[in-house]
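Shown here: final-v1.txt, compact mmCIF, C-alpha atoms and all ligand atoms.
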# COMPACT_ATOMS: atom_id res chain seq x y z
CA MET A 1 12.65 -14.17 -14.45
CA ASN A 2 9.76 -13.51 -12.09
CA SER A 3 7.11 -10.88 -12.71
CA ALA A 4 8.64 -8.18 -10.50
CA GLU A 5 11.88 -8.43 -12.33
CA LYS A 6 10.22 -8.36 -15.71
CA ASP A 7 7.88 -5.47 -14.98
CA PHE A 8 10.17 -3.17 -13.06
CA HIS A 9 13.01 -4.18 -15.34
CA SER A 10 11.09 -3.14 -18.42
CA LEU A 11 10.61 0.30 -16.85
CA GLY A 12 14.39 0.64 -16.69
CA VAL A 13 14.85 -0.12 -13.00
CA THR A 14 18.14 -1.81 -12.16
CA ARG A 15 18.70 -4.99 -10.19
CA GLN A 16 19.62 -3.48 -6.84
CA PHE A 17 16.32 -1.58 -6.61
CA ILE A 18 14.27 -4.50 -7.89
CA ASN A 19 15.83 -6.54 -5.08
CA ALA A 20 14.98 -3.89 -2.51
CA MET A 21 11.39 -3.76 -3.72
CA GLU A 22 11.14 -7.53 -3.65
CA ASP A 23 12.20 -7.42 -0.01
CA MET A 24 9.38 -4.96 0.56
CA GLY A 25 6.88 -7.29 -1.11
CA TYR A 26 6.38 -5.27 -4.29
CA GLU A 27 5.67 -7.80 -7.00
CA GLU A 28 4.66 -5.51 -9.80
CA PRO A 29 4.63 -1.76 -10.33
CA THR A 30 1.50 0.24 -9.63
CA GLU A 31 0.00 2.37 -12.36
CA ILE A 32 1.63 5.62 -11.26
CA GLN A 33 4.96 3.81 -11.02
CA VAL A 34 4.57 2.51 -14.58
CA LYS A 35 3.86 6.00 -15.83
CA ALA A 36 6.37 7.98 -13.80
CA ILE A 37 9.50 5.83 -13.51
CA PRO A 38 10.69 5.77 -17.16
CA ARG A 39 10.10 9.50 -17.59
CA LEU A 40 11.94 10.36 -14.40
CA LEU A 41 14.81 8.08 -15.32
CA ALA A 42 15.04 10.02 -18.58
CA GLY A 43 15.52 13.19 -16.54
CA GLN A 44 12.21 14.91 -17.27
CA ASP A 45 10.42 17.28 -14.94
CA LEU A 46 7.21 15.60 -13.93
CA ILE A 47 3.87 16.18 -12.24
CA GLY A 48 2.33 12.97 -10.91
CA ILE A 49 -1.27 12.94 -9.79
CA ALA A 50 -2.68 9.85 -8.12
CA GLN A 51 -4.75 9.30 -5.04
CA THR A 52 -3.38 8.34 -1.64
CA GLY A 53 -2.13 4.79 -1.33
CA THR A 54 -1.21 4.29 -4.98
CA GLY A 55 2.55 4.03 -4.46
CA LYS A 56 3.73 7.52 -5.33
CA THR A 57 6.75 7.33 -3.01
CA ALA A 58 8.56 4.56 -4.86
CA ALA A 59 7.53 6.21 -8.14
CA PHE A 60 9.86 9.11 -7.42
CA VAL A 61 12.36 7.62 -4.95
CA VAL A 62 13.54 4.77 -7.18
CA PRO A 63 14.43 6.94 -10.22
CA MET A 64 16.03 9.47 -7.88
CA LEU A 65 18.24 6.86 -6.23
CA GLN A 66 19.10 5.28 -9.52
CA ARG A 67 20.22 8.62 -10.92
CA LEU A 68 22.30 9.45 -7.86
CA LYS A 69 23.87 5.97 -8.05
CA TYR A 70 26.24 6.03 -5.10
CA ALA A 71 27.48 8.21 -2.27
CA SER A 72 29.83 10.86 -3.61
CA ILE A 73 30.38 14.37 -2.33
CA ASP A 74 29.22 14.83 1.23
CA ILE A 75 26.62 17.47 0.60
CA PRO A 76 23.05 16.73 -0.44
CA ARG A 77 22.18 16.15 -4.08
CA ALA A 78 18.48 15.42 -3.69
CA ILE A 79 15.73 16.77 -1.51
CA ILE A 80 12.20 15.62 -0.86
CA LEU A 81 9.91 18.14 0.80
CA GLU A 82 6.97 16.90 2.84
CA PRO A 83 4.23 18.87 4.60
CA THR A 84 4.39 17.16 8.00
CA LYS A 85 6.80 15.53 10.39
CA GLU A 86 4.94 12.22 10.14
CA LEU A 87 5.30 12.21 6.37
CA VAL A 88 8.99 13.09 6.62
CA ILE A 89 9.56 10.12 8.90
CA GLN A 90 7.46 7.77 6.82
CA THR A 91 9.08 8.76 3.53
CA GLU A 92 12.60 8.64 4.91
CA SER A 93 11.99 5.13 6.18
CA MET A 94 10.81 4.12 2.72
CA VAL A 95 13.88 5.76 1.15
CA ARG A 96 16.08 3.72 3.47
CA LYS A 97 14.45 0.48 2.47
CA LEU A 98 14.66 1.30 -1.21
CA MET A 99 18.35 2.16 -0.99
CA ALA A 100 19.23 -0.94 1.03
CA TYR A 101 21.55 -2.23 -1.71
CA THR A 102 23.38 1.05 -2.27
CA ASP A 103 25.77 3.07 -0.14
CA LEU A 104 23.63 6.19 -0.44
CA ARG A 105 22.88 8.13 2.73
CA ALA A 106 19.62 9.80 3.73
CA VAL A 107 18.59 11.99 6.61
CA ALA A 108 15.23 13.18 7.93
CA ILE A 109 14.99 16.87 8.79
CA TYR A 110 11.89 17.99 10.67
CA GLY A 111 10.75 20.24 13.48
CA GLY A 112 9.58 19.12 16.87
CA ALA A 113 12.71 17.01 17.40
CA ALA A 114 16.23 17.80 18.62
CA ILE A 115 18.06 19.72 15.93
CA LYS A 116 21.44 18.53 17.13
CA SER A 117 21.36 15.01 15.77
CA GLN A 118 20.01 16.27 12.45
CA ARG A 119 22.91 18.72 12.28
CA GLN A 120 25.32 15.93 13.09
CA ALA A 121 23.91 13.74 10.32
CA LEU A 122 24.44 16.56 7.85
CA GLU A 123 28.01 16.98 8.99
CA ASP A 124 28.65 13.26 8.59
CA GLY A 125 27.77 13.54 4.93
CA VAL A 126 24.51 12.85 3.18
CA ASP A 127 23.13 12.37 -0.33
CA ILE A 128 19.38 12.67 0.18
CA ILE A 129 17.38 14.90 2.48
CA VAL A 130 13.75 14.34 3.40
CA ALA A 131 12.56 17.53 5.04
CA SER A 132 9.74 19.69 6.19
CA PRO A 133 10.08 23.23 4.81
CA GLY A 134 10.41 25.00 8.17
CA ARG A 135 13.27 22.97 9.63
CA PHE A 136 14.98 22.92 6.26
CA MET A 137 15.18 26.74 6.20
CA GLU A 138 16.32 26.81 9.82
CA LEU A 139 19.28 24.55 9.05
CA TYR A 140 20.01 26.37 5.83
CA LEU A 141 20.11 29.75 7.54
CA SER A 142 22.37 28.46 10.30
CA GLY A 143 24.77 27.29 7.60
CA HIS A 144 24.49 23.57 8.31
CA LEU A 145 22.68 22.70 5.15
CA LYS A 146 24.45 23.23 1.86
CA THR A 147 22.26 23.52 -1.20
CA LYS A 148 24.63 24.26 -4.03
CA LYS A 149 24.84 20.67 -5.25
CA LEU A 150 21.11 19.91 -5.29
CA GLU A 151 20.22 18.16 -8.54
CA VAL A 152 16.82 16.70 -7.74
CA LEU A 153 13.87 18.31 -6.02
CA VAL A 154 10.64 16.58 -5.07
CA LEU A 155 7.58 18.36 -3.76
CA ASP A 156 5.56 15.52 -2.28
CA GLU A 157 1.93 15.79 -1.19
CA ALA A 158 1.87 19.15 -2.96
CA ASP A 159 -1.79 19.75 -2.26
CA ARG A 160 -1.19 19.47 1.44
CA LEU A 161 1.92 21.66 1.26
CA MET A 162 -0.36 24.30 -0.24
CA ASP A 163 -3.24 23.76 2.19
CA MET A 164 -0.84 24.19 5.07
CA GLY A 165 0.25 27.55 3.75
CA PHE A 166 3.85 26.71 2.93
CA MET A 167 4.03 28.88 -0.18
CA PRO A 168 6.15 31.65 1.41
CA GLN A 169 8.68 29.12 2.74
CA LEU A 170 8.77 27.38 -0.62
CA ARG A 171 9.47 30.67 -2.39
CA SER A 172 12.42 31.44 -0.14
CA PHE A 173 13.56 27.86 -0.60
CA LEU A 174 13.48 28.33 -4.35
CA GLU A 175 15.86 31.26 -4.04
CA VAL A 176 18.55 29.23 -2.32
CA ILE A 177 18.71 26.19 -4.56
CA PRO A 178 20.43 25.80 -7.95
CA VAL A 179 18.38 26.63 -11.01
CA LYS A 180 19.48 23.62 -12.98
CA ARG A 181 17.91 20.53 -11.48
CA GLN A 182 15.27 17.88 -12.04
CA ASN A 183 11.92 18.72 -10.46
CA MET A 184 9.09 16.45 -9.49
CA LEU A 185 5.76 17.24 -7.96
CA PHE A 186 3.43 14.60 -6.59
CA SER A 187 -0.06 15.17 -5.33
CA ALA A 188 -3.36 13.40 -4.74
CA THR A 189 -5.26 16.27 -6.32
CA PHE A 190 -4.45 18.93 -8.87
CA GLY A 191 -6.27 22.13 -7.98
CA GLU A 192 -5.51 25.76 -8.72
CA LYS A 193 -2.96 26.12 -5.93
CA VAL A 194 -1.00 23.08 -6.97
CA GLU A 195 -1.07 24.27 -10.54
CA SER A 196 0.43 27.62 -9.64
CA LEU A 197 3.01 25.91 -7.45
CA SER A 198 4.01 23.68 -10.33
CA SER A 199 4.38 26.62 -12.69
CA GLU A 200 6.83 28.24 -10.28
CA PHE A 201 8.89 25.13 -9.62
CA LEU A 202 8.86 22.99 -12.74
CA GLU A 203 10.16 23.47 -16.24
CA PHE A 204 8.04 22.12 -19.09
CA PRO A 205 6.87 19.24 -16.97
CA THR A 206 5.17 16.12 -18.29
CA ARG A 207 2.01 15.42 -16.41
CA VAL A 208 0.97 11.86 -15.63
CA GLU A 209 -2.26 11.04 -13.94
CA VAL A 210 -3.98 7.97 -12.62
CA SER A 211 -7.73 8.20 -12.56
CA PRO A 212 -9.19 7.56 -9.14
CA GLN A 213 -9.34 3.89 -8.26
CA ALA A 214 -12.62 2.08 -8.16
CA SER A 215 -12.51 2.01 -4.37
CA THR A 216 -13.98 5.44 -4.11
CA ALA A 217 -16.12 5.19 -7.22
CA ASP A 218 -19.85 5.33 -6.77
CA THR A 219 -20.21 2.19 -8.81
CA ILE A 220 -19.01 -0.05 -5.99
CA GLU A 221 -21.03 -0.75 -2.93
CA GLN A 222 -18.72 -1.81 -0.10
CA ARG A 223 -19.87 -3.86 2.88
CA LEU A 224 -18.11 -5.16 5.92
CA TYR A 225 -18.98 -7.98 8.32
CA HIS A 226 -17.27 -8.92 11.56
CA LEU A 227 -16.90 -12.67 11.80
CA PRO A 228 -14.89 -14.45 14.49
CA ASN A 229 -13.02 -17.10 12.51
CA PHE A 230 -12.48 -18.94 9.25
CA LYS A 231 -15.19 -21.57 9.61
CA THR A 232 -17.81 -18.99 10.45
CA LYS A 233 -16.71 -17.11 7.34
CA LEU A 234 -17.23 -20.30 5.30
CA PHE A 235 -20.73 -20.83 6.59
CA PHE A 236 -21.62 -17.24 6.00
CA ILE A 237 -20.41 -17.14 2.40
CA GLU A 238 -22.34 -20.34 1.74
CA ARG A 239 -25.44 -18.72 3.15
CA LEU A 240 -24.99 -15.56 1.08
CA LEU A 241 -24.42 -17.49 -2.12
CA ASN A 242 -27.58 -19.50 -1.56
CA ALA A 243 -29.75 -16.59 -0.53
CA GLU A 244 -28.73 -13.64 -2.65
CA ASP A 245 -28.59 -12.86 -6.31
CA MET A 246 -24.86 -13.24 -6.88
CA PRO A 247 -24.28 -14.38 -10.44
CA ARG A 248 -20.52 -13.89 -10.80
CA VAL A 249 -18.53 -13.97 -7.62
CA LEU A 250 -14.80 -13.64 -7.15
CA ILE A 251 -13.65 -14.76 -3.69
CA PHE A 252 -10.21 -13.72 -2.45
CA CYS A 253 -8.23 -15.59 0.18
CA ARG A 254 -4.91 -14.84 1.79
CA THR A 255 -3.19 -18.14 0.99
CA LYS A 256 -3.41 -21.01 -1.46
CA ASP A 257 -4.27 -23.34 1.35
CA ARG A 258 -7.22 -21.26 2.46
CA ALA A 259 -8.38 -20.86 -1.14
CA ASP A 260 -8.41 -24.65 -1.45
CA ARG A 261 -10.45 -25.08 1.70
CA VAL A 262 -12.99 -22.53 0.52
CA PHE A 263 -13.22 -24.28 -2.81
CA ARG A 264 -13.69 -27.75 -1.32
CA PHE A 265 -16.32 -26.48 1.07
CA LEU A 266 -18.38 -24.53 -1.46
CA GLU A 267 -18.07 -27.00 -4.30
CA ARG A 268 -20.67 -29.29 -2.78
CA LYS A 269 -22.87 -26.68 -1.22
CA VAL A 270 -23.81 -24.02 -3.71
CA GLU A 271 -25.54 -23.91 -7.02
CA GLY A 272 -23.40 -23.30 -10.10
CA GLU A 273 -19.84 -24.24 -10.80
CA VAL A 274 -17.10 -23.30 -8.39
CA ARG A 275 -13.41 -23.20 -9.34
CA VAL A 276 -10.20 -22.32 -7.66
CA ILE A 277 -7.15 -20.81 -9.32
CA HIS A 278 -3.63 -21.22 -8.14
CA SER A 279 -0.48 -19.42 -8.94
CA ASN A 280 1.24 -22.78 -9.30
CA LYS A 281 -1.22 -24.02 -11.90
CA GLY A 282 0.35 -22.20 -14.80
CA GLN A 283 -0.73 -19.16 -16.72
CA ASN A 284 -2.88 -21.06 -19.22
CA THR A 285 -4.97 -22.89 -16.64
CA ARG A 286 -5.53 -19.62 -14.90
CA ILE A 287 -6.54 -17.81 -18.06
CA ASN A 288 -8.94 -20.64 -18.97
CA ALA A 289 -10.55 -20.51 -15.56
CA PHE A 290 -10.99 -16.78 -15.91
CA ARG A 291 -12.42 -17.19 -19.39
CA ALA A 292 -14.98 -19.74 -18.21
CA PHE A 293 -15.83 -17.38 -15.39
CA GLN A 294 -16.14 -14.45 -17.75
CA GLU A 295 -18.43 -16.40 -20.05
CA GLY A 296 -20.71 -17.39 -17.23
CA GLU A 297 -19.89 -21.11 -17.12
CA VAL A 298 -18.35 -20.68 -13.71
CA ARG A 299 -20.31 -18.85 -11.07
CA VAL A 300 -17.79 -18.70 -8.23
CA LEU A 301 -14.06 -18.30 -8.66
CA VAL A 302 -11.79 -18.61 -5.63
CA ALA A 303 -8.42 -16.90 -5.96
CA THR A 304 -5.45 -15.44 -4.14
CA ASP A 305 -3.94 -12.04 -4.90
CA VAL A 306 -1.00 -13.70 -6.57
CA SER A 307 -3.03 -16.01 -8.76
CA ALA A 308 -5.34 -13.22 -9.91
CA ARG A 309 -2.55 -10.83 -10.75
CA GLY A 310 -2.36 -9.48 -14.24
CA ILE A 311 -5.62 -11.06 -15.33
CA ASP A 312 -8.33 -8.70 -16.34
CA VAL A 313 -11.90 -9.67 -15.56
CA ALA A 314 -14.71 -7.24 -15.83
CA LEU A 315 -18.36 -7.46 -14.90
CA VAL A 316 -17.89 -9.38 -11.72
CA SER A 317 -21.07 -8.93 -9.71
CA HIS A 318 -19.46 -9.50 -6.31
CA VAL A 319 -15.96 -9.48 -4.93
CA VAL A 320 -15.68 -11.19 -1.56
CA ASN A 321 -12.67 -10.57 0.65
CA LEU A 322 -12.90 -13.75 2.64
CA ASP A 323 -9.62 -12.62 4.16
CA ILE A 324 -8.74 -8.96 4.42
CA PRO A 325 -5.79 -7.93 2.24
CA ARG A 326 -2.79 -6.55 4.07
CA THR A 327 -2.19 -3.67 1.73
CA ILE A 328 -4.26 -0.95 0.15
CA ILE A 329 -2.84 -1.93 -3.23
CA ASP A 330 -4.31 -5.41 -2.96
CA TYR A 331 -7.59 -4.05 -1.67
CA THR A 332 -8.08 -1.67 -4.56
CA HIS A 333 -6.91 -4.30 -7.06
CA ARG A 334 -9.41 -6.77 -5.72
CA ILE A 335 -12.46 -4.59 -5.51
CA GLY A 336 -11.59 -2.81 -8.75
CA ARG A 337 -12.69 -5.97 -10.52
CA THR A 338 -16.28 -5.24 -9.80
CA GLY A 339 -18.28 -2.18 -10.64
CA ARG A 340 -16.41 -1.37 -13.80
CA ALA A 341 -17.82 0.85 -16.47
CA LYS A 342 -21.09 1.83 -14.86
CA ASN A 343 -21.98 -1.66 -13.71
CA GLN A 344 -23.01 -1.61 -10.12
CA GLY A 345 -20.77 -4.00 -8.20
CA VAL A 346 -20.59 -5.12 -4.62
CA ALA A 347 -17.46 -5.69 -2.57
CA ILE A 348 -17.99 -7.66 0.64
CA SER A 349 -15.29 -7.98 3.29
CA PHE A 350 -15.20 -10.48 6.15
CA ALA A 351 -12.95 -9.39 8.99
CA ASP A 352 -11.95 -11.35 12.07
CA PRO A 353 -10.84 -9.35 15.12
CA SER A 354 -7.19 -9.25 14.04
CA GLU A 355 -8.11 -8.08 10.56
CA MET A 356 -9.85 -4.95 11.81
CA PHE A 357 -6.35 -3.50 12.10
CA TYR A 358 -6.00 -3.65 8.30
CA ILE A 359 -9.56 -2.48 7.70
CA LYS A 360 -8.79 0.66 9.69
CA LYS A 361 -5.68 1.35 7.62
CA ILE A 362 -7.60 0.77 4.40
CA GLN A 363 -10.37 3.12 5.52
CA VAL A 364 -7.85 5.90 6.13
CA LEU A 365 -6.38 5.46 2.68
CA ILE A 366 -9.66 5.23 0.77
CA GLN A 367 -10.92 8.08 2.90
CA MET A 368 -14.20 6.46 3.76
CA GLN A 369 -15.80 4.27 6.34
CA ILE A 370 -16.85 0.91 4.91
CA PRO A 371 -20.45 0.34 6.01
CA LEU A 372 -20.56 -2.32 8.71
CA LEU A 373 -23.43 -4.78 8.47
CA LYS A 374 -24.60 -7.18 11.13
CA ALA A 375 -24.26 -10.86 10.43
CA PRO A 376 -27.65 -12.57 10.77
CA LYS A 377 -28.52 -13.45 14.36
CA ASP A 378 -29.04 -17.12 13.64
CA LEU A 379 -25.65 -17.50 11.95
CA GLU A 380 -23.93 -20.21 13.87
CA VAL A 381 -20.57 -19.27 15.33
CA MET A 382 -18.25 -22.09 14.39
CA ASP A 383 -15.21 -23.49 16.14
CA PHE A 384 -11.72 -22.27 15.47
CA LEU A 385 -9.43 -24.37 13.33
CA PRO A 386 -6.56 -26.01 15.19
CA ARG A 387 -4.02 -23.32 16.14
CA GLU A 388 -6.23 -20.56 14.71
CA GLU A 389 -7.25 -19.10 18.07
CA ARG A 390 -3.69 -18.94 19.29
CA GLU A 391 -2.51 -17.33 16.04
CA LEU A 392 -5.26 -14.76 16.37
CA ALA A 393 -4.22 -13.91 19.93
CA MET A 394 -0.60 -13.59 18.85
CA GLU A 395 -1.49 -11.34 15.94
CA LEU A 396 -3.56 -9.12 18.24
CA ASP A 397 -0.58 -8.89 20.59
CA ARG A 398 1.70 -7.99 17.74
CA GLN A 399 -0.64 -5.19 16.67
CA LYS A 400 -0.87 -3.83 20.23
CA LYS A 401 2.89 -3.83 20.45
CA LEU A 402 3.15 -1.89 17.21
CA ALA A 403 0.84 0.74 18.66
CA ASP A 404 2.50 0.73 22.06
CA PRO A 405 6.07 -0.60 22.27
CA THR A 406 5.82 -0.91 26.06
CA PHE A 407 2.93 -3.37 25.80
CA LYS A 408 4.07 -6.77 27.01
CA GLY A 409 1.39 -8.94 25.43
CA ALA A 410 -1.42 -11.02 26.80
CA PHE A 411 0.75 -14.16 26.86
CA HIS A 412 3.23 -12.41 29.03
CA GLU A 413 0.46 -11.10 31.28
CA ARG A 414 -0.98 -14.50 31.76
CA LYS A 415 2.42 -15.92 32.61
CA SER A 416 3.09 -13.28 35.22
CA VAL A 417 -0.27 -13.91 36.87
CA LEU A 418 0.55 -17.59 37.06
CA LYS A 419 3.94 -16.77 38.51
CA ARG A 420 2.42 -14.55 41.14
CA LYS A 421 0.10 -17.33 42.14
CA GLY A 422 3.07 -19.61 42.47
CA LEU A 423 1.91 -21.86 39.67
CA LEU A 424 4.99 -21.45 37.50
P1 LIG B 1 1.02 7.32 -1.76
O1 LIG B 1 2.23 8.18 -1.51
O2 LIG B 1 0.58 7.29 -3.18
O3 LIG B 1 -0.10 7.62 -0.82
P2 LIG B 1 2.70 5.17 -0.80
O4 LIG B 1 3.88 5.41 -1.64
O5 LIG B 1 2.78 5.62 0.62
O6 LIG B 1 1.40 5.81 -1.47
O7 LIG B 1 2.32 3.64 -0.90
C1 LIG B 1 1.19 3.11 -0.23
C2 LIG B 1 1.48 1.68 0.21
O8 LIG B 1 1.63 0.84 -0.92
C3 LIG B 1 2.78 1.55 0.99
O9 LIG B 1 2.56 0.66 2.04
C4 LIG B 1 3.75 1.00 -0.01
O10 LIG B 1 4.78 0.25 0.62
C5 LIG B 1 2.87 0.13 -0.87
N1 LIG B 1 3.35 -0.04 -2.26
C6 LIG B 1 3.88 0.90 -3.08
N2 LIG B 1 4.20 0.39 -4.27
C7 LIG B 1 3.86 -0.92 -4.25
C8 LIG B 1 3.95 -2.01 -5.19
N3 LIG B 1 4.45 -1.83 -6.41
N4 LIG B 1 3.51 -3.21 -4.79
C9 LIG B 1 3.01 -3.39 -3.54
N5 LIG B 1 2.89 -2.43 -2.61
C10 LIG B 1 3.31 -1.19 -2.95
MG MG B 2 2.66 9.85 -0.43
Can you turn what I pasted into structure tokens?
Amino acid sequence: MNSAEKDFHSLGVTRQFINAMEDMGYEEPTEIQVKAIPRLLAGQDLIGIAQTGTGKTAAFVVPMLQRLKYASIDIPRAIILEPTKELVIQTESMVRKLMAYTDLRAVAIYGGAAIKSQRQALEDGVDIIVASPGRFMELYLSGHLKTKKLEVLVLDEADRLMDMGFMPQLRSFLEVIPVKRQNMLFSATFGEKVESLSSEFLEFPTRVEVSPQASTADTIEQRLYHLPNFKTKLFFIERLLNAEDMPRVLIFCRTKDRADRVFRFLERKVEGEVRVIHSNKGQNTRINAFRAFQEGEVRVLVATDVSARGIDVALVSHVVNLDIPRTIIDYTHRIGRTGRAKNQGVAISFADPSEMFYIKKIQVLIQMQIPLLKAPKDLEVMDFLPREERELAMELDRQKKLADPTFKGAFHERKSVLKRKGLL
């Protein structure tokens, strides 16, 4: 049994959803998921408060899907309300992924798009609706949306629903849905408006809350450096370790292979003991390495997200993201290991040009700009590893294509230039 299975399983999640989450790369539940899922599966009304990027969507979608089980009557049994079109689209796409191993049907209902296809989807039969309040009422009033079988209601991003002045729509919505149902409210913050909303919509709710992650805490100083490639990153971390007061440093890499390279490079070049931990080295070896690190015998520990999972180390002076994590969850996990309990910690991130894409996403989610520092002028820019430059170019192309589906890619461009010149 792997860790995802064990952890989600112990929360009461069934196989088909664990499989779907594995496909999505979820290896263990986030804190809000741990707190919310069992209660929601038990049918309670619930208020969940946790900051943006903490995994609230799966926290309510998985129990909802599991309770609905399979497609039955053709009219909706669950509805998720979202404040904006973008959030409707984003949440519906997550619902689809999470229900991949069921025959449940979902539809996105939002304004600013043709109403016809949304109407058609409702006529074809649907179990779950993800909707913005305005378009929902429009389709309800025109008789296309039947509400009498709604069993589950989710108000997502409740603080933003309130800020955007949706209260009147929500009140009229309340009048047209069955009284007996399970209610959930999720929000990043819990102010007065959200509180009054919850008292109108929920019945004796349980409230679960996740205290803000370390990422926004004042106890962590975050720094960012632009560095062109892996070798330059190696030389720079060596330089930092030899120049600055960094007594207990946890270095994160994207892969085992890269962690090994960092270890072999630093081992000979910096003062103090350096160790690397691997996911394939067994739990005990990992725990011992962490213990030695904790007790100060080891100064620098090189790890991957996977190998560091589930191991609690406090009082790390510096976390170094030698590679930028791809998800906000990994970012907050990593840097949360420094700056705990009033100890000032430092989180340093090295980003190559393709990793700025992830830095930008992370900055949106932690709602701050990570201060960008200049690498020292005399830092030598090193060569690329074999294949590294090409991989970087391909990743940049991929990112441009994501942003603009009509973009053909630099490789393509180059080819067409060659063709024009008659060289191909
Ligand atoms: P929120 O609604 O709290 O802002 P989301 O539900 O949108 O957060 O999740 C933020 C990101 O984290 C998404 O990319 C999501 O796929 C990912 N995520 C959620 N749960 C997990 C998990 N258990 N493991 C890894 N990634 C997760
Ligand atoms: Mg959300």
Contacts of region 239-243 of chain A within 10 Å, all atoms listed in the file, excl. fewer than 3 positions in-chain, as a PyMOL selection string: chain A and resi 233-236+246-247+249+266+269-272+299-300+379
Region 129-131 of chain A environment, 8 Å, all atoms listed in the file, sequence neighbours closer than 3 positions dropped, as a PyMOL selection string: chain A and resi 76+78-82+88+91-92+106-110+126+135-136
Exercise: Leu301 (chain A) partners within 12 Å, only C-alpha atoms, chain neighbours under 6 positions left out, as a PyMOL selection string: chain A and resi 247-253+259-260+262-264+266-267+272-278+286+288-294+307-308+313+316-320
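The environment of His144 (chain A) within 10 Å, counting all atoms listed in the file and disregarding residues fewer than 5 places along the same chain, consists of Gln118, Arg119, Gln120, Leu122, Glu123, Phe136, Glu138 and Leu139 of chain A.
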Surrounding residues as number ranges by chain, ligand LIG 1 (chain B), max 9 Å, all atoms listed in the file: A: 4, 8, 21-22, 24-33, 49-59, 90-91, 94, 156-157, 186-188, 327-330, 365
Residue with smallest distance to ligand MG 2 (chain B) - pool A:Val34, A:Met64, A:Val179, A:Leu185, counting all atoms listed in the file: A:Leu185
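One distance worth recording is that between CA of Gly43 (chain A) and CA of Pro178 (chain A), which is 16.0 Å.
Taking CA of Met394 (chain A) as the reference point, CA of Val381 (chain A) is found at 21.1 Å.
Atom pair CA of Thr14 (chain A) / CA of Gly125 (chain A) has a distance of 24.9 Å (rounded to one decimal).
Proximity of A:Ser93, A:Ser279, A:Thr189, A:Ser172 to Tyr140 (chain A), computed with only C-alpha atoms, is greatest for A:Ser172.
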Contacts of region 194-204 of chain A within 8 Å, all atoms listed in the file, excl. fewer than 6 positions in-chain, as a PyMOL selection string: chain A and resi 45-47+158-159+162+167+174+183-185
Using the file's own x, y and z axes, what box holds all listed atoms of region 173-188 of chain A with 8 Å on each side, keeping edges along x, y and z, and what are its centre and edge lengths in Å to one decimal, as JSON?
{"center_x": 8.5, "center_y": 22.3, "center_z": -6.8, "size_x": 39.8, "size_y": 33.9, "size_z": 28.4}
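You can rank A:Arg171, A:Arg160, A:Lys193, A:Lys148 by their closest distance to ligand MG 2 (chain B) using only C-alpha atoms and all ligand atoms, and at the top of that list sits A:Arg160.
Ranking A:Leu104, A:Arg223, A:Ala113, A:Phe60 by their shortest atom-to-atom distance to Lys374 (chain A), with all atoms listed in the file included, puts A:Arg223 first.
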